[in-house]
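For reference, protein_11.txt (compact mmCIF, C-alpha atoms):
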# COMPACT_ATOMS: atom_id res chain seq x y z
CA MET A 264 20.84 -8.64 1.77
CA ASP A 265 19.27 -12.07 1.94
CA ARG A 266 15.97 -13.04 0.31
CA SER A 267 13.95 -12.24 3.41
CA GLY A 268 14.95 -8.58 3.13
CA ARG A 269 17.29 -8.60 6.10
CA SER A 270 20.80 -7.17 5.86
CA TYR A 271 23.61 -9.70 5.84
CA PHE A 272 25.28 -7.52 8.51
CA PRO A 273 24.27 -7.70 12.22
CA ASN A 274 23.28 -4.47 13.97
CA HIS A 275 26.68 -3.77 15.56
CA LEU A 276 28.54 -4.42 12.29
CA CYS A 277 26.18 -2.09 10.44
CA ARG A 278 26.87 0.71 12.94
CA TRP A 279 30.63 0.07 12.62
CA LEU A 280 30.43 0.00 8.81
CA VAL A 281 28.53 3.28 8.53
CA SER A 282 30.73 5.01 11.12
CA GLY A 283 33.89 3.78 9.40
CA ALA A 284 32.68 4.96 6.01
CA ALA A 285 31.94 8.39 7.44
CA LEU A 286 35.44 8.66 8.94
CA ILE A 287 37.05 7.61 5.67
CA ALA A 288 34.89 10.12 3.79
CA VAL A 289 36.19 12.92 6.01
CA GLY A 290 39.73 12.14 4.83
CA VAL A 291 38.76 12.13 1.15
CA HIS A 292 39.39 15.62 -0.20
CA ARG A 293 39.03 15.02 -3.94
CA PRO A 294 36.80 14.24 -5.60
CA PHE A 295 34.17 15.58 -3.19
CA ARG A 296 31.44 13.31 -4.63
CA LEU A 297 33.30 10.22 -3.40
CA ARG A 298 32.51 11.07 0.22
CA GLY A 299 28.79 10.70 -0.37
CA VAL A 300 29.29 7.51 -2.35
CA LEU A 301 31.15 5.83 0.52
CA VAL A 302 28.47 6.62 3.11
CA ALA A 303 25.60 5.80 0.76
CA ALA A 304 27.12 2.41 -0.05
CA ALA A 305 27.43 1.57 3.64
CA LEU A 306 23.82 2.56 4.33
CA LEU A 307 22.58 0.53 1.37
CA ALA A 308 24.39 -2.57 2.59
CA CYS A 309 22.58 -2.40 5.91
CA ALA A 310 19.13 -1.33 4.72
CA PRO A 311 16.31 -3.88 4.82
CA ALA A 312 14.38 -4.45 1.61
CA ARG A 313 10.66 -3.84 1.34
CA ALA A 314 8.51 -6.91 1.02
CA GLY A 315 4.81 -7.54 0.62
CA THR A 316 2.19 -4.88 -0.08
CA GLU A 317 2.67 -2.02 2.34
CA GLY A 318 0.78 1.26 2.05
CA ALA A 319 -1.09 3.81 4.07
CA GLU A 320 -3.07 2.84 7.15
CA THR A 321 -6.45 1.27 6.46
CA THR A 322 -9.11 1.71 9.12
CA ILE A 323 -12.21 -0.36 8.42
CA ASP A 324 -15.32 1.55 9.50
CA LEU A 325 -17.80 -1.26 10.11
CA THR A 326 -20.72 1.17 10.21
CA GLN A 327 -20.15 1.82 6.49
CA HIS A 328 -19.96 -1.81 5.39
CA ALA A 329 -23.46 -2.65 4.26
CA PRO A 330 -23.85 -5.05 2.62
CA LEU A 331 -20.95 -6.80 4.33
CA THR A 332 -20.25 -8.98 1.28
CA ASP A 333 -18.96 -5.93 -0.63
CA ASP A 334 -15.64 -6.00 1.24
CA PHE A 335 -15.70 -9.26 3.21
CA GLU A 336 -15.69 -12.89 2.15
CA PHE A 337 -17.08 -15.27 4.75
CA LEU A 338 -15.68 -18.76 5.22
CA PRO A 339 -16.85 -21.43 5.30
CA ALA A 340 -19.53 -20.44 2.81
CA ALA A 341 -23.07 -20.83 4.13
CA THR A 342 -26.56 -20.17 2.86
CA GLN A 343 -27.27 -18.17 6.00
CA LEU A 344 -24.62 -15.56 6.76
CA PRO A 345 -23.34 -16.14 10.34
CA TRP A 346 -21.81 -12.66 10.54
CA THR A 347 -23.93 -9.59 11.11
CA LEU A 348 -23.66 -5.95 12.14
CA ILE A 349 -25.21 -5.41 15.55
CA GLU A 350 -25.87 -2.34 17.67
CA ASP A 351 -23.59 -2.16 20.69
CA THR A 352 -23.38 1.06 22.69
CA THR A 353 -19.90 0.09 23.94
CA ALA A 354 -18.50 -0.38 20.41
CA ALA A 355 -16.78 2.28 18.35
CA GLY A 356 -19.50 4.05 16.42
CA GLY A 357 -22.13 2.06 18.29
CA VAL A 358 -21.90 -0.90 15.88
CA ALA A 359 -19.96 -4.18 16.08
CA LEU A 360 -19.49 -7.10 13.71
CA GLU A 361 -20.73 -10.28 15.40
CA GLN A 362 -20.34 -13.96 14.59
CA ARG A 363 -22.94 -15.99 16.42
CA SER A 364 -23.73 -19.25 14.63
CA THR A 365 -22.13 -22.68 15.00
CA PRO A 366 -20.20 -23.78 11.88
CA THR A 367 -21.35 -27.24 10.82
CA ASN A 368 -18.52 -28.36 8.53
CA ALA A 369 -15.57 -26.58 10.16
CA ASN A 370 -14.34 -25.72 13.63
CA HIS A 371 -13.84 -22.04 12.84
CA SER A 372 -15.30 -19.11 10.93
CA LEU A 373 -13.49 -16.37 8.97
CA ALA A 374 -14.44 -12.90 7.75
CA VAL A 375 -11.77 -12.18 5.13
CA TYR A 376 -11.16 -8.52 4.26
CA LYS A 377 -10.85 -8.57 0.46
CA PRO A 378 -9.40 -5.14 -0.50
CA VAL A 379 -5.97 -5.57 1.16
CA SER A 380 -3.15 -8.12 0.78
CA VAL A 381 -0.07 -7.63 3.00
CA LYS A 382 3.00 -9.43 4.26
CA ASN A 383 4.50 -6.89 6.66
CA ALA A 384 1.86 -4.96 8.60
CA GLU A 385 0.55 -3.93 11.99
CA ILE A 386 -2.97 -5.24 12.46
CA SER A 387 -5.20 -4.35 15.38
CA LEU A 388 -8.80 -4.80 16.43
CA ARG A 389 -10.99 -4.98 19.50
CA ILE A 390 -12.65 -8.25 20.49
CA LYS A 391 -15.46 -8.96 22.93
CA ALA A 392 -16.33 -12.58 23.75
CA THR A 393 -20.02 -12.69 24.68
CA GLY A 394 -20.79 -16.41 24.65
CA GLY A 395 -19.89 -19.96 23.71
CA GLU A 396 -19.77 -23.33 25.45
CA LYS A 397 -16.68 -24.97 23.94
CA ASP A 398 -14.80 -21.80 22.98
CA GLN A 399 -14.97 -18.09 23.72
CA GLY A 400 -12.98 -15.45 21.94
CA GLY A 401 -11.59 -14.70 18.51
CA GLY A 402 -8.53 -13.51 16.71
CA ILE A 403 -6.66 -12.18 13.70
CA ALA A 404 -5.78 -14.36 10.73
CA LEU A 405 -2.96 -12.98 8.57
CA ARG A 406 -1.00 -13.93 5.44
CA LEU A 407 -4.05 -15.91 4.41
CA THR A 408 -3.46 -17.41 0.95
CA ALA A 409 -6.08 -20.17 1.16
CA PRO A 410 -9.00 -20.96 3.49
CA ASP A 411 -6.79 -23.40 5.40
CA SER A 412 -3.37 -21.68 5.20
CA TYR A 413 -2.60 -18.66 7.42
CA TYR A 414 -1.12 -17.46 10.69
CA LEU A 415 -3.52 -16.96 13.59
CA VAL A 416 -3.27 -14.78 16.69
CA GLU A 417 -6.05 -16.00 18.98
CA MET A 418 -7.46 -14.43 22.13
CA ASP A 419 -8.90 -17.37 24.08
CA ALA A 420 -11.22 -16.01 26.77
CA ARG A 421 -12.31 -19.44 27.99
CA ARG A 422 -8.77 -20.59 28.80
CA ASP A 423 -7.32 -17.12 29.56
CA ARG A 424 -4.48 -17.19 27.07
CA VAL A 425 -3.17 -15.63 23.85
CA VAL A 426 -1.93 -18.04 21.18
CA PHE A 427 0.04 -17.82 17.95
CA LEU A 428 -0.52 -20.67 15.49
CA ARG A 429 0.32 -21.62 11.94
CA LEU A 430 -2.30 -23.36 9.81
CA ALA A 431 -0.96 -25.07 6.68
CA ASN A 432 -3.22 -27.19 4.50
CA GLY A 433 -5.64 -27.48 7.41
CA SER A 434 -3.05 -28.69 9.93
CA ALA A 435 -2.60 -26.37 12.94
CA GLU A 436 0.65 -26.01 14.86
CA GLU A 437 0.88 -23.97 18.05
CA ILE A 438 4.03 -21.84 18.04
CA VAL A 439 3.63 -19.69 21.18
CA ALA A 440 1.01 -19.51 23.93
CA VAL A 441 0.97 -17.33 27.07
CA ASP A 442 -1.46 -16.89 29.94
CA ALA A 443 -3.46 -13.65 30.04
CA ASP A 444 -6.30 -12.06 31.99
CA ILE A 445 -9.20 -11.99 29.53
CA ALA A 446 -12.63 -11.01 30.79
CA THR A 447 -15.75 -12.04 28.90
CA ASN A 448 -18.33 -9.39 27.90
CA ALA A 449 -15.52 -6.82 27.84
CA TRP A 450 -13.56 -5.30 24.98
CA HIS A 451 -9.89 -6.26 24.57
CA LYS A 452 -7.50 -4.81 21.98
CA LEU A 453 -5.41 -7.39 20.14
CA THR A 454 -2.45 -6.26 17.99
CA VAL A 455 0.09 -8.13 15.89
CA ARG A 456 3.07 -6.55 14.13
CA ALA A 457 4.37 -8.83 11.39
CA VAL A 458 7.76 -8.14 9.80
CA ASP A 459 9.24 -11.00 7.77
CA ASP A 460 9.61 -13.89 10.26
CA GLU A 461 8.97 -11.80 13.41
CA PHE A 462 5.52 -11.42 15.01
CA VAL A 463 5.09 -9.10 17.99
CA VAL A 464 1.77 -9.58 19.78
CA SER A 465 0.21 -7.32 22.40
CA LEU A 466 -3.03 -7.43 24.35
CA ASP A 467 -4.64 -4.23 25.64
CA GLY A 468 -1.48 -2.30 24.77
CA VAL A 469 0.83 -4.62 26.76
CA TRP A 470 3.41 -6.83 25.06
CA ALA A 471 2.41 -10.49 25.28
CA PHE A 472 5.15 -12.26 23.28
CA THR A 473 7.35 -12.21 20.20
CA ALA A 474 7.16 -15.24 17.93
CA PHE A 475 9.34 -16.28 14.99
CA ASP A 476 8.36 -18.44 12.04
CA LYS A 477 9.42 -18.53 8.37
CA ALA A 478 6.96 -21.00 6.88
CA LEU A 479 4.39 -18.56 5.44
CA SER A 480 6.49 -15.89 3.76
CA ARG A 481 4.08 -14.60 1.12
CA ALA A 482 1.67 -11.67 1.35
CA GLY A 483 -1.93 -12.61 2.01
CA ARG A 484 -5.33 -11.44 3.19
CA VAL A 485 -6.25 -10.42 6.73
CA ALA A 486 -9.33 -11.87 8.40
CA LEU A 487 -11.37 -11.86 11.59
CA TRP A 488 -11.49 -15.34 13.12
CA THR A 489 -13.67 -17.21 15.63
CA ALA A 490 -13.75 -20.84 16.75
CA THR A 491 -16.56 -23.41 16.92
CA ASP A 492 -19.51 -22.01 18.89
CA SER A 493 -17.98 -18.71 20.04
CA VAL A 494 -20.25 -15.67 20.04
CA THR A 495 -17.80 -12.86 19.38
CA ARG A 496 -17.97 -9.15 18.53
CA PHE A 497 -15.33 -7.13 16.67
CA ASP A 498 -14.69 -3.42 16.14
CA SER A 499 -11.83 -0.91 15.61
CA PHE A 500 -10.28 -3.03 12.84
CA ALA A 501 -7.15 -1.41 11.35
CA ILE A 502 -4.28 -2.43 9.06
CA ALA A 503 -1.18 -0.20 8.96
CA PRO A 504 2.49 -0.38 7.93
CA PRO A 505 4.58 -1.88 10.76
CA SER A 506 5.89 0.62 13.29
CA PRO A 507 9.69 1.15 13.44
CA SER A 508 10.04 -1.01 16.54
CA ALA A 509 8.85 -4.00 14.51
CA GLN A 510 11.63 -3.67 11.92
CA PRO A 511 14.12 -6.56 11.99
CA TRP A 512 17.08 -4.40 13.06
Take the structure from the file and write it as structure tokens.
Amino acid sequence: MDRSGRSYFPNHLCRWLVSGAALIAVGVHRPFRLRGVLVAAALLACAPARAGTEGAETTIDLTQHAPLTDDFEFLPAATQLPWTLIEDTTAAGGVALEQRSTPTNANHSLAVYKPVSVKNAEISLRIKATGGEKDQGGGIALRLTAPDSYYLVEMDARRDRVVFLRLANGSAEEIVAVDADIATNAWHKLTVRAVDDEFVVSLDGVWAFTAFDKALSRAGRVALWTATDSVTRFDSFAIAPPSPSAQPW
């Protein structure tokens, strides 16, 4: 395996290696234990290594997060908290987390979920853009190791697109962007499955794109994200181990 956790062998070679080991094992009569050793060695050569902090699914029930500062850190820091729980009959549990103020010293706002740090994960949430003049929408920040270093999956309701960006030391680079039908004042489900250098993004259960980037390879926090003057609501926030289809083989 290489350091990223991938097997050195491509998919078709792995299948050939395992099949060949099984056929050889059939012809080995003594000792019997050698048969299992041959097949096990072939499987081990093709198995991906675990990386990051991966555990059971974490569903964040926003109705139980009061005060919010117990589990969330809000960036940039402000004397008046721009994030608040608000009643919304269309939200799960009737409550949504809303960001409604205009950041003065930054062009974005983050609600960082403190209890979990992951590298490989499937992260999903629902977003509803309810206002904003310059920007409308929000997104998921992942592998966040500093306030200005993370990947971002953004749902841009003003420009009708979904974007994948890398922020490193405050400098943003757009990696992939696709057009999408995004209605304001309506809930949309945004999901990203991150496995090593592969990021599979879907909107409302439909695949949007698959992006690849190796720059940020460490585990990090997950955060809710909004830009400039967006008024955005979030609910149904969940972090889970990546599904099998997101594995790099």
Neighbouring residues of Leu360 in chain A were defined as those with any atom within 8 Å, considering all atoms listed in the file; residues of the same chain fewer than 2 positions away were excluded. Please report them as a short mmCIF file (atom, residue, chain, number, x, y, z; two decimals) with C-alpha atoms, keeping the file's coordinate frame.
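Listed below is the output, result_2.cif:
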data_model
loop_
_atom_site.label_atom_id
_atom_site.label_comp_id
_atom_site.auth_asym_id
_atom_site.auth_seq_id
_atom_site.Cartn_x
_atom_site.Cartn_y
_atom_site.Cartn_z
CA LEU A 325 -17.80 -1.26 10.11
CA TRP A 346 -21.81 -12.66 10.54
CA THR A 347 -23.93 -9.59 11.11
CA LEU A 348 -23.66 -5.95 12.14
CA ILE A 349 -25.21 -5.41 15.55
CA VAL A 358 -21.90 -0.90 15.88
CA GLN A 362 -20.34 -13.96 14.59
CA ARG A 496 -17.97 -9.15 18.53
CA PHE A 497 -15.33 -7.13 16.67
CA ASP A 498 -14.69 -3.42 16.14
#
Problem - Atom-to-atom span, CA of Gly402 in chain A and CA of Ala443 in chain A, Å - result: 14.3 Å
Completion exercise
Counting only C-alpha atoms, closest pick from A:Phe337, A:Val494, A:Asp444, A:Gly483 relative to Asp398 in chain A is A:Val494
Handout entry: Contact residues around Val469 in chain A with only C-alpha atoms at 12 Å, ignoring same-chain residues under 4 positions, as a PyMOL selection string
Key = chain A and resi 443-444+451-455+463-465+473
Practice task
Have a look at CA of Phe500 in chain A and CA of Thr321 in chain A and let me know their distance in Å, one decimal.
Solution key: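 Rounded to one decimal, the two atoms are 8.6 Å apart.
Distances to Glu437 in chain A were evaluated for A:Ala478, A:Val485, A:Gly395, A:Leu415 using all atoms listed in the file, and the minimum falls at A:Leu415.
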